[in-house]
>>> print(open('data_22.txt').read())   # compact mmCIF, C-alpha atoms
# COMPACT_ATOMS: atom_id res chain seq x y z
CA MET A 1 4.63 -9.05 0.48
CA GLY A 2 5.97 -12.55 1.08
CA ALA A 3 9.46 -11.68 -0.15
CA THR A 4 9.58 -8.70 2.20
CA LEU A 5 8.42 -10.74 5.19
CA ASP A 6 11.03 -13.39 4.35
CA ALA A 7 13.75 -10.74 4.06
CA LEU A 8 12.86 -9.27 7.44
CA ASP A 9 12.65 -12.68 9.10
CA THR A 10 15.85 -14.12 7.62
CA GLY A 11 17.96 -11.03 7.02
CA GLU A 12 18.46 -12.13 3.40
CA VAL A 13 17.30 -9.56 0.85
CA PRO A 14 16.78 -10.90 -2.69
CA GLY A 15 18.49 -9.36 -5.67
CA GLY A 16 17.24 -7.75 -8.85
CA TYR A 17 13.83 -6.20 -9.28
CA ILE A 18 12.38 -8.10 -6.30
CA ARG A 19 14.89 -6.27 -4.10
CA ASP A 20 13.44 -2.94 -5.26
CA LEU A 21 9.95 -4.09 -4.29
CA VAL A 22 11.11 -5.44 -0.93
CA VAL A 23 12.79 -2.14 -0.07
CA ARG A 24 9.63 -0.19 -0.91
CA VAL A 25 7.31 -2.45 1.09
CA MET A 26 9.58 -2.87 4.12
CA PRO A 27 8.61 0.37 5.95
CA SER A 28 4.94 -0.64 5.89
CA ILE A 29 5.69 -4.02 7.42
CA LEU A 30 8.06 -2.62 10.04
CA GLY A 31 5.52 0.01 11.05
CA GLY A 32 2.75 -2.57 11.01
CA ARG A 33 4.67 -4.94 13.25
CA LYS A 34 5.38 -2.09 15.63
CA ASP A 35 1.62 -1.42 15.74
CA GLY A 36 0.79 -5.08 16.38
CA LEU A 37 -0.11 -6.23 12.88
CA SER A 38 0.83 -9.80 12.01
CA ARG A 39 -1.26 -11.01 9.06
CA VAL A 40 -0.33 -10.56 5.41
CA ASP A 41 -3.69 -8.97 4.61
CA GLU A 42 -3.11 -6.40 7.37
CA PHE A 43 0.31 -5.53 5.94
CA GLU A 44 -1.14 -5.29 2.43
CA ALA A 45 -3.86 -2.91 3.59
CA ARG A 46 -1.36 -0.77 5.44
CA HIS A 47 0.94 -0.62 2.43
CA VAL A 48 -1.75 0.49 -0.03
CA GLU A 49 -2.92 3.17 2.40
CA GLU A 50 0.63 4.44 2.94
CA THR A 51 1.32 4.39 -0.80
CA GLY A 52 -1.82 6.41 -1.51
CA THR A 53 -0.94 8.91 1.21
CA LYS A 54 2.57 9.33 -0.20
CA LEU A 55 1.17 9.91 -3.68
CA LEU A 56 -1.08 12.64 -2.33
CA GLN A 57 1.78 14.24 -0.39
CA ARG A 58 4.39 14.04 -3.14
CA SER A 59 2.34 15.18 -6.13
CA GLN A 60 0.80 18.63 -6.09
CA VAL A 61 -0.99 17.79 -9.34
CA VAL A 62 -2.68 14.82 -7.67
CA ALA A 63 -3.43 16.77 -4.48
CA ASP A 64 -5.00 19.60 -6.47
CA ALA A 65 -7.12 17.19 -8.52
CA VAL A 66 -8.36 15.45 -5.36
CA LYS A 67 -9.18 18.79 -3.77
CA ALA A 68 -11.06 19.85 -6.92
CA LYS A 69 -13.02 16.56 -6.83
CA LYS A 70 -11.64 15.54 -10.22
CA LEU A 71 -9.68 12.59 -8.82
CA ALA A 72 -9.79 10.19 -5.91
CA ILE A 73 -7.20 7.81 -4.52
CA VAL A 74 -8.70 4.45 -3.64
CA TYR A 75 -6.91 1.99 -1.33
CA LEU A 76 -7.59 -1.49 -2.73
CA THR A 77 -6.09 -4.93 -2.47
CA TYR A 78 -6.81 -7.78 -4.86
CA LYS A 79 -7.25 -11.36 -3.66
CA LEU A 80 -5.78 -13.47 -6.43
CA ALA A 81 -7.19 -16.73 -5.01
CA ASP A 82 -10.82 -15.71 -5.42
CA GLY A 83 -10.73 -12.54 -7.54
CA ARG A 84 -12.09 -10.30 -4.79
CA VAL A 85 -11.17 -6.66 -4.49
CA VAL A 86 -11.15 -5.24 -0.96
CA LEU A 87 -11.63 -1.53 -0.34
CA HIS A 88 -9.51 -0.26 2.57
CA GLY A 89 -10.35 3.40 2.26
CA HIS A 90 -10.05 6.37 -0.02
CA VAL A 91 -9.20 10.05 -0.27
CA GLY A 92 -11.45 12.20 -2.40
CA ASP A 93 -14.94 11.85 -3.76
CA ILE A 94 -15.71 8.39 -5.16
CA ASP A 95 -19.44 8.90 -5.70
CA ASN A 96 -20.75 8.52 -9.23
CA PRO A 97 -21.64 11.81 -10.96
>>> encode(input="data_22.txt", output="structure tokens")
Amino acid sequence: MGATLDALDTGEVPGGYIRDLVVRVMPSILGGRKDGLSRVDEFEARHVEETGTKLLQRSQVVADAVKAKKLAIVYLTYKLADGRVVLHGHVGDIDNP
């Protein structure tokens, strides 16, 4: 997230594998800024939600499994500093059987 924010703020996009990550995260940050988001945790939450939505839209296998209640997509972020996992939402049934 930090590399993408830096790239947007400075206009300098890193090379190599980090560039691939920056390019994939950038739309979430741009959309988030447009919607008034400013904190890293807000951008992270938006990105995981958008990634989950894209997965559902782009994979019929995943969409069918979610519809059949065999799979769920869970939008989580992990806080490295304290080991917390934050749930931002989900698609599908996440109840225990």
>>> residues_near_point(input="data_22.txt", point="(3.5, -1.1, -0.3)", cutoff="10 Å", atoms="all atoms listed in the file", output="mmCIF file with C-alpha atoms, in the coordinates of the input")
data_model
loop_
_atom_site.group_PDB
_atom_site.id
_atom_site.type_symbol
_atom_site.label_atom_id
_atom_site.label_comp_id
_atom_site.auth_asym_id
_atom_site.auth_seq_id
_atom_site.Cartn_x
_atom_site.Cartn_y
_atom_site.Cartn_z
ATOM 1 C CA MET A 1 4.630 -9.050 0.480
ATOM 2 C CA LEU A 21 9.950 -4.090 -4.290
ATOM 3 C CA VAL A 22 11.110 -5.440 -0.930
ATOM 4 C CA VAL A 23 12.790 -2.140 -0.070
ATOM 5 C CA ARG A 24 9.630 -0.190 -0.910
ATOM 6 C CA VAL A 25 7.310 -2.450 1.090
ATOM 7 C CA MET A 26 9.580 -2.870 4.120
ATOM 8 C CA PRO A 27 8.610 0.370 5.950
ATOM 9 C CA SER A 28 4.940 -0.640 5.890
ATOM 10 C CA ILE A 29 5.690 -4.020 7.420
ATOM 11 C CA PHE A 43 0.310 -5.530 5.940
ATOM 12 C CA GLU A 44 -1.140 -5.290 2.430
ATOM 13 C CA ALA A 45 -3.860 -2.910 3.590
ATOM 14 C CA ARG A 46 -1.360 -0.770 5.440
ATOM 15 C CA HIS A 47 0.940 -0.620 2.430
ATOM 16 C CA VAL A 48 -1.750 0.490 -0.030
ATOM 17 C CA GLU A 49 -2.920 3.170 2.400
ATOM 18 C CA GLU A 50 0.630 4.440 2.940
ATOM 19 C CA THR A 51 1.320 4.390 -0.800
ATOM 20 C CA GLY A 52 -1.820 6.410 -1.510
#
>>> atom_distance(input="data_22.txt", atom1="atom CA of Arg19 of chain A", atom2="atom CA of Gly31 of chain A")
18.9 Å
>>> atom_distance(input="data_22.txt", atom1="atom CA of Ser38 of chain A", atom2="atom CA of Val74 of chain A")
23.2 Å
>>> atom_distance(input="data_22.txt", atom1="atom CA of Tyr75 of chain A", atom2="atom CA of His90 of chain A")
5.5 Å
>>> closest_residue(input="data_22.txt", among="A:Leu30, A:Ile18, A:Val91, A:Leu5", to="Lys67 of chain A", atoms="only C-alpha atoms")
A:Val91
>>> residues_around(input="data_22.txt", residues="Ile73 of chain A", least_positions_apart="3", cutoff="9 Å", atoms="only C-alpha atoms", output="list in words")
Gly52, Thr53, Leu55, Leu56, Val62, Val66, Gly89, His90, Val91, Gly92, Asp93 and Ile94 of chain A
>>> closest_residue(input="data_22.txt", among="A:Leu71, A:Glu42, A:Tyr17, A:Glu12", to="Asp95 of chain A", atoms="all atoms listed in the file")
A:Leu71
>>> closest_residue(input="data_22.txt", among="A:Val40, A:Ala68, A:Val61, A:Leu87", to="Asp6 of chain A", atoms="all atoms listed in the file")
A:Val40
>>> closest_residue(input="data_22.txt", among="A:Ala3, A:Arg33, A:His88, A:Ala63", to="Asp20 of chain A", atoms="only C-alpha atoms")
A:Ala3
>>> decode(input="data_22.txt", residues="chain A", atoms="C-alpha atoms", output="mmCIF file, in the first residue's frame")
data_model
loop_
_atom_site.group_PDB
_atom_site.id
_atom_site.type_symbol
_atom_site.label_atom_id
_atom_site.label_comp_id
_atom_site.auth_asym_id
_atom_site.auth_seq_id
_atom_site.Cartn_x
_atom_site.Cartn_y
_atom_site.Cartn_z
ATOM 1 C CA MET A 1 0.000 0.000 0.000
ATOM 2 C CA GLY A 2 2.799 2.382 0.931
ATOM 3 C CA ALA A 3 4.611 1.924 -2.379
ATOM 4 C CA THR A 4 1.414 2.714 -4.274
ATOM 5 C CA LEU A 5 0.716 5.827 -2.214
ATOM 6 C CA ASP A 6 4.307 6.962 -2.769
ATOM 7 C CA ALA A 7 4.015 6.347 -6.521
ATOM 8 C CA LEU A 8 0.817 8.372 -6.732
ATOM 9 C CA ASP A 9 2.224 11.203 -4.617
ATOM 10 C CA THR A 10 5.616 11.436 -6.339
ATOM 11 C CA GLY A 11 4.861 10.190 -9.845
ATOM 12 C CA GLU A 12 7.720 7.689 -9.518
ATOM 13 C CA VAL A 13 6.650 4.073 -10.011
ATOM 14 C CA PRO A 14 9.112 1.456 -8.719
ATOM 15 C CA GLY A 15 10.435 -1.292 -10.932
ATOM 16 C CA GLY A 16 10.308 -5.058 -10.775
ATOM 17 C CA TYR A 17 7.706 -7.039 -8.897
ATOM 18 C CA ILE A 18 6.766 -4.074 -6.688
ATOM 19 C CA ARG A 19 5.664 -2.262 -9.846
ATOM 20 C CA ASP A 20 3.205 -5.089 -10.580
ATOM 21 C CA LEU A 21 1.723 -4.737 -7.099
ATOM 22 C CA VAL A 22 1.539 -0.948 -7.338
ATOM 23 C CA VAL A 23 -0.325 -1.138 -10.645
ATOM 24 C CA ARG A 24 -2.866 -3.581 -9.188
ATOM 25 C CA VAL A 25 -3.507 -1.545 -6.036
ATOM 26 C CA MET A 26 -3.590 1.875 -7.716
ATOM 27 C CA PRO A 27 -7.261 1.797 -8.858
ATOM 28 C CA SER A 28 -8.411 1.149 -5.286
ATOM 29 C CA ILE A 29 -6.465 4.117 -3.966
ATOM 30 C CA LEU A 30 -7.560 6.434 -6.771
ATOM 31 C CA GLY A 31 -11.192 5.473 -6.257
ATOM 32 C CA GLY A 32 -10.803 5.762 -2.510
ATOM 33 C CA ARG A 33 -9.325 9.245 -2.745
ATOM 34 C CA LYS A 34 -12.152 10.271 -5.038
ATOM 35 C CA ASP A 35 -14.587 9.031 -2.374
ATOM 36 C CA GLY A 36 -12.808 10.913 0.412
ATOM 37 C CA LEU A 37 -10.685 8.132 1.904
ATOM 38 C CA SER A 38 -7.295 9.167 3.237
ATOM 39 C CA ARG A 39 -6.020 6.572 5.715
ATOM 40 C CA VAL A 40 -3.996 3.501 4.785
ATOM 41 C CA ASP A 41 -6.414 1.193 6.610
ATOM 42 C CA GLU A 42 -9.297 2.625 4.571
ATOM 43 C CA PHE A 43 -7.421 1.984 1.328
ATOM 44 C CA GLU A 44 -6.541 -1.546 2.448
ATOM 45 C CA ALA A 45 -10.172 -2.323 3.246
ATOM 46 C CA ARG A 46 -11.322 -0.940 -0.082
ATOM 47 C CA HIS A 47 -8.708 -2.954 -1.958
ATOM 48 C CA VAL A 48 -9.600 -6.293 -0.361
ATOM 49 C CA GLU A 49 -13.290 -5.671 -1.029
ATOM 50 C CA GLU A 50 -12.634 -4.755 -4.667
ATOM 51 C CA THR A 51 -10.342 -7.763 -5.110
ATOM 52 C CA GLY A 52 -12.985 -10.112 -3.717
ATOM 53 C CA THR A 53 -15.643 -8.595 -5.947
ATOM 54 C CA LYS A 54 -13.423 -9.002 -9.017
ATOM 55 C CA LEU A 55 -12.770 -12.631 -8.131
ATOM 56 C CA LEU A 56 -16.497 -13.268 -7.921
ATOM 57 C CA GLN A 57 -17.132 -11.488 -11.228
ATOM 58 C CA ARG A 58 -14.258 -13.039 -13.164
ATOM 59 C CA SER A 59 -14.570 -16.663 -12.085
ATOM 60 C CA GLN A 60 -17.762 -18.533 -12.851
ATOM 61 C CA VAL A 61 -16.448 -21.470 -10.820
ATOM 62 C CA VAL A 62 -16.101 -19.239 -7.758
ATOM 63 C CA ALA A 63 -19.462 -17.538 -8.363
ATOM 64 C CA ASP A 64 -21.215 -20.893 -8.689
ATOM 65 C CA ALA A 65 -19.589 -22.222 -5.511
ATOM 66 C CA VAL A 66 -20.615 -19.109 -3.571
ATOM 67 C CA LYS A 67 -24.163 -19.395 -4.892
ATOM 68 C CA ALA A 68 -24.252 -23.084 -3.899
ATOM 69 C CA LYS A 69 -23.026 -22.151 -0.392
ATOM 70 C CA LYS A 70 -19.886 -24.242 -0.831
ATOM 71 C CA LEU A 71 -17.559 -21.232 -0.748
ATOM 72 C CA ALA A 72 -17.429 -17.739 0.670
ATOM 73 C CA ILE A 73 -15.170 -14.804 -0.083
ATOM 74 C CA VAL A 74 -14.057 -13.028 3.074
ATOM 75 C CA TYR A 75 -12.620 -9.501 2.992
ATOM 76 C CA LEU A 76 -9.843 -9.410 5.602
ATOM 77 C CA THR A 77 -6.829 -7.292 6.387
ATOM 78 C CA TYR A 78 -4.000 -8.335 8.685
ATOM 79 C CA LYS A 79 -2.369 -5.901 11.098
ATOM 80 C CA LEU A 80 1.260 -6.973 11.203
ATOM 81 C CA ALA A 81 2.067 -4.754 14.210
ATOM 82 C CA ASP A 82 -0.285 -6.561 16.575
ATOM 83 C CA GLY A 83 -1.349 -9.701 14.710
ATOM 84 C CA ARG A 84 -4.998 -8.672 14.447
ATOM 85 C CA VAL A 85 -7.203 -9.711 11.563
ATOM 86 C CA VAL A 86 -9.969 -7.278 10.635
ATOM 87 C CA LEU A 87 -13.100 -8.461 8.847
ATOM 88 C CA HIS A 88 -14.373 -5.909 6.322
ATOM 89 C CA GLY A 89 -17.182 -7.967 4.875
ATOM 90 C CA HIS A 90 -17.922 -11.114 2.958
ATOM 91 C CA VAL A 91 -19.907 -12.657 0.132
ATOM 92 C CA GLY A 92 -21.464 -16.039 0.758
ATOM 93 C CA ASP A 93 -22.307 -18.035 3.834
ATOM 94 C CA ILE A 94 -19.598 -17.982 6.512
ATOM 95 C CA ASP A 95 -21.580 -19.707 9.253
ATOM 96 C CA ASN A 96 -20.188 -22.942 10.630
ATOM 97 C CA PRO A 97 -22.047 -26.087 9.481
#
